[in-house]
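Below: the structure, in structure tokens.
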Amino acid sequence: MSRHEHPLGISFEFFPPGTDAGRDKLIQTRDELAARNPRFFSVTYGAGGSTQARTREIVRKVSQSGVTTAPHLSCIGSEKALLRDLLAQYREEGVDSLVALRGDMPSGMASIGELRYANELVEFIRDETGNHFDIAVAAYPESHPQAPSLDRDVENFARKMKAGANMAITQYFFTADAYFHFVDKARALGVEQPIIPGIMPITNYTKLARFSDACGAEIPRWIRKQLESYGDDSEAIADFGTDVVSRLCQRLLDGGAPGLHFYTLNQSKPVLKIVDNLSG
Ligand code: FAD
């Protein structure tokens, strides 16, 4: 963690860009966000060979900022030997934090692999590397889309935390009470580790709606209606989005959330507008 951490305990997620221009832009974004003294950066991971190599490359570039950088790592479709190699490489490169996920089966991938769920990946990492890595896992305040019920999903989440995770980062959501309800349920099952809300800035309604449908995050009707009314007016969407998400963040912090993790989509401006609106 950074020595002079931002007082609100903020952290930022990036994805590995596919082009040189995207990589250049990410370096600029990294520097603008590193100046806010985040707790850590994280870099997403896609199942499939080329994106995995890109995650490693981007982790190296992002960590040159001096900010702790956590690669995401998913187990679905992977053999233990491959994961063991990757863990060894990260250790050699000085990585000491990970975001451990099951991931989703990419179409065309033949086999689930040796580890079926994220709790098994957390156990595997602990068995292989002891306490070397700080491990974060995913949480779903509005329930994971494949879970039969919220209660079952929270039980699965608690199993994953008890397998040795240090903290959790949530899927994004726009209803603060969904987060508080989830945290209460997890605490009732004995989960004591921090559960950090994942925050998605609102910048583009069409993309947000598509992505939210896929990952099971609800956009409340009043937000959808307001965004729809702006049509192509990207400035109006950005202003409204900043206001709505800043209020959400403030409510979460006031209600005891132990930090905020921003899904940056590799852009600094939308998240910095939100961060600048917040008070501790
Ligand atoms: P799990 O915790 O394994 O849960 C998956 C489903 O299985 C849930 O419905 C759960 O209730 C159920 N379940 C869990 N354990 C058990 C068990 N032992 N027995 C029976 N059922 C069980 N995806 C990527 O591809 N790359 C990324 O970099 C990435 N980063 C992410 C970061 C965050 C913070 C979040 C919230 C999500 C991220 N995702 C990423 C998406 C994630 O991979 C998907 O949501 C995936 O479908 C579930 O992964 P998980 O680790 O939450 O799975």
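Ordering of the structure tokens sets the chain letters (A, B, ...); residue numbers start at 1 within each chain; ligands are numbered from 1 in the order shown.
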**Message:** If we count only C-alpha atoms and set the cut-off at 10 Å, which residues sit around stretch 81-83 of chain A, ignoring sequence neighbours fewer than 2 positions away in its own chain? Please answer as a list in words.
**Reply:**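 The residues satisfying every condition are Leu73, Ser74, Cys75, Ser78, Glu79, Asp85, Leu86, Leu87, Ala88, Gln89, Glu114, Leu121, Phe124, Ile125 and Glu128 of chain A.
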Residues as selected, N, CA and C atoms, written as a JSON list (two decimals), in the first residue's frame, can you do that?
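Writing the result to out-v7.json gives the following:
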[["chain", "number", "residue", "atom", "x", "y", "z"],
["A", 73, "LEU", "N", -6.78, -12.67, -11.73],
["A", 73, "LEU", "CA", -6.39, -14.02, -12.15],
["A", 73, "LEU", "C", -7.64, -14.88, -12.10],
["A", 74, "SER", "N", -8.01, -15.51, -13.21],
["A", 74, "SER", "CA", -9.20, -16.36, -13.17],
["A", 74, "SER", "C", -8.81, -17.81, -13.41],
["A", 75, "CYS", "N", -9.62, -18.73, -12.86],
["A", 75, "CYS", "CA", -9.22, -20.15, -12.90],
["A", 75, "CYS", "C", -10.00, -20.96, -13.92],
["A", 78, "SER", "N", -8.48, -23.23, -16.82],
["A", 78, "SER", "CA", -7.02, -23.31, -16.65],
["A", 78, "SER", "C", -6.64, -24.57, -15.89],
["A", 79, "GLU", "N", -5.49, -25.10, -16.22],
["A", 79, "GLU", "CA", -4.95, -26.22, -15.45],
["A", 79, "GLU", "C", -4.11, -25.66, -14.30],
["A", 85, "ASP", "N", 2.62, -21.72, -12.61],
["A", 85, "ASP", "CA", 3.65, -20.96, -13.34],
["A", 85, "ASP", "C", 3.41, -19.46, -13.23],
["A", 86, "LEU", "N", 2.16, -19.09, -13.43],
["A", 86, "LEU", "CA", 1.82, -17.67, -13.41],
["A", 86, "LEU", "C", 2.09, -17.08, -12.01],
["A", 87, "LEU", "N", 1.72, -17.83, -10.97],
["A", 87, "LEU", "CA", 1.97, -17.35, -9.60],
["A", 87, "LEU", "C", 3.48, -17.18, -9.36],
["A", 88, "ALA", "N", 4.25, -18.14, -9.87],
["A", 88, "ALA", "CA", 5.71, -18.07, -9.69],
["A", 88, "ALA", "C", 6.27, -16.85, -10.42],
["A", 89, "GLN", "N", 5.77, -16.61, -11.63],
["A", 89, "GLN", "CA", 6.25, -15.45, -12.39],
["A", 89, "GLN", "C", 5.90, -14.15, -11.68],
["A", 114, "GLU", "N", -9.30, -27.40, -13.86],
["A", 114, "GLU", "CA", -9.21, -28.19, -12.62],
["A", 114, "GLU", "C", -9.84, -27.50, -11.42],
["A", 121, "LEU", "N", -9.82, -21.58, -6.14],
["A", 121, "LEU", "CA", -8.62, -20.84, -6.57],
["A", 121, "LEU", "C", -7.92, -20.20, -5.36],
["A", 124, "PHE", "N", -6.11, -22.84, -3.56],
["A", 124, "PHE", "CA", -4.93, -23.24, -4.34],
["A", 124, "PHE", "C", -3.79, -22.23, -4.14],
["A", 125, "ILE", "N", -4.12, -20.94, -4.23],
["A", 125, "ILE", "CA", -3.07, -19.91, -4.07],
["A", 125, "ILE", "C", -2.46, -19.99, -2.68],
["A", 128, "GLU", "N", -0.23, -23.08, -2.44],
["A", 128, "GLU", "CA", 1.00, -22.98, -3.24],
["A", 128, "GLU", "C", 1.96, -21.92, -2.71]]
**Request:** Identify, on the basis of only C-alpha atoms, every residue whose closest approach to stretch 254-259 of chain A does not exceed 12 Å; exclude the query and any residue fewer than 6 positions from it along the same chain; express the result as a ChimeraX atom specification.
**Result:** /A:5-12,38-40,167-170,176-177,179-184,192-199,247-248,275,278-280
**Request:** Would you list the residues that come within 7 Å of ligand 1? Count only C-alpha atoms and all ligand atoms and give the answer as a PyMOL selection string.
**Result:** chain A and resi 43-47+72-74+100-104+116-119+137-140+144-147+152-153+156-157+160+169-171+198+215
**Request:** From a DSSP pass on the backbone, collect the residues of stretch 90-210 of chain A flagged as helix (DSSP H, G or I) and hand them back as JSON, numbers by chain.
**Result:** {"A": [90, 91, 92, 118, 119, 120, 121, 122, 123, 124, 125, 126, 127, 128, 129, 150, 151, 152, 153, 154, 155, 156, 157, 158, 159, 160, 161, 162, 176, 177, 178, 179, 180, 181, 182, 183, 184, 185, 186, 187, 188, 205, 206, 207, 208, 209, 210]}
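Using only C-alpha atoms, the protein and nucleic acid residues lying no more than 6 Å from A:Phe133, apart from those fewer than 2 places from it along its own chain, are A:Asp96, A:Ser97, A:Asn131, A:Ile135.
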Same residues, C-alpha atoms, saved as a JSON list (two decimals), in the first residue's frame:
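Written file, out.json:
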[["chain", "number", "residue", "atom", "x", "y", "z"],
["A", 96, "ASP", "CA", 2.27, -9.34, -3.89],
["A", 97, "SER", "CA", -1.46, -8.72, -4.45],
["A", 131, "ASN", "CA", 0.68, -15.79, 2.75],
["A", 135, "ILE", "CA", -5.93, -11.80, -2.14]]
With 12 Å as the cut-off and only C-alpha atoms counted, what is the closest atom pair between each nearby residue of stretch 43-158 of chain A and stretch 15-22 of chain A? Distances in Å to one decimal, ordered by chain and number, as CSV.
residue,atom,partner,partner_atom,distance
A:Val43,CA,A:Phe15,CA,5.4
A:Thr44,CA,A:Phe15,CA,5.0
A:Tyr45,CA,A:Phe15,CA,7.5
A:Gly46,CA,A:Pro16,CA,9.2
A:Ser50,CA,A:Gly18,CA,9.7
A:Thr51,CA,A:Pro16,CA,7.4
A:Gln52,CA,A:Pro16,CA,9.0
A:Ala53,CA,A:Pro16,CA,9.4
A:Arg54,CA,A:Pro16,CA,5.9
A:Thr55,CA,A:Pro16,CA,5.6
A:Arg56,CA,A:Pro16,CA,8.8
A:Glu57,CA,A:Pro16,CA,8.3
A:Ile58,CA,A:Pro16,CA,6.0
A:Val59,CA,A:Pro16,CA,8.6
A:Arg60,CA,A:Pro16,CA,11.2
A:Lys61,CA,A:Pro16,CA,10.4
A:Val62,CA,A:Pro16,CA,10.2
A:Ala70,CA,A:Phe15,CA,11.8
A:Pro71,CA,A:Phe15,CA,10.0
A:His72,CA,A:Phe15,CA,9.8
Now that the selection is made, can you save its residues with C-alpha atoms as a tab-separated table (two decimals), in the first residue's frame?
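Heads up, here's the output in out.tsv:
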chain	number	residue	atom	x	y	z
A	43	VAL	CA	-5.51	-4.99	-14.00
A	44	THR	CA	-8.20	-7.28	-15.41
A	45	TYR	CA	-7.55	-10.66	-16.96
A	46	GLY	CA	-9.33	-12.39	-19.82
A	50	SER	CA	-3.12	-13.38	-25.63
A	51	THR	CA	-5.11	-11.36	-23.09
A	52	GLN	CA	-3.34	-13.16	-20.22
A	53	ALA	CA	0.05	-12.14	-21.59
A	54	ARG	CA	-1.26	-8.59	-21.95
A	55	THR	CA	-2.31	-8.51	-18.30
A	56	ARG	CA	1.24	-9.36	-17.26
A	57	GLU	CA	2.74	-6.73	-19.52
A	58	ILE	CA	0.32	-4.05	-18.28
A	59	VAL	CA	0.88	-5.02	-14.64
A	60	ARG	CA	4.59	-4.35	-15.17
A	61	LYS	CA	3.90	-0.97	-16.80
A	62	VAL	CA	1.32	0.12	-14.23
A	70	ALA	CA	-2.79	-6.39	-8.35
A	71	PRO	CA	-3.27	-8.60	-11.42
A	72	HIS	CA	-6.69	-10.26	-11.72
**Message:** If DSSP is run on the backbone, what residues of stretch 41-228 of chain A are strand (DSSP E)? A reply as number ranges by chain would be ideal.
**Reply:** A: 41-43, 69-74, 97-101, 134-139, 167-172, 195-199
**Request:** Would you mind listing what lies within 7 Å of A:Ile274 as a VMD selection string, with only C-alpha atoms counted and same-chain residues fewer than 4 positions away left out?
**Result:** chain A and resid 242 246 270 278
Generate the output file for the selected residues, C-alpha atoms, as a PDB file, in the first residue's frame.
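Result file out33.pdb:
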ATOM      1  CA  THR A 242     -21.110  12.428 -11.933  1.00  0.00           C
ATOM      2  CA  SER A 246     -20.854  10.985  -6.326  1.00  0.00           C
ATOM      3  CA  PRO A 270     -14.849  10.653 -14.974  1.00  0.00           C
ATOM      4  CA  LEU A 278     -16.220  13.406  -1.925  1.00  0.00           C
TER       5      LEU A 278
END
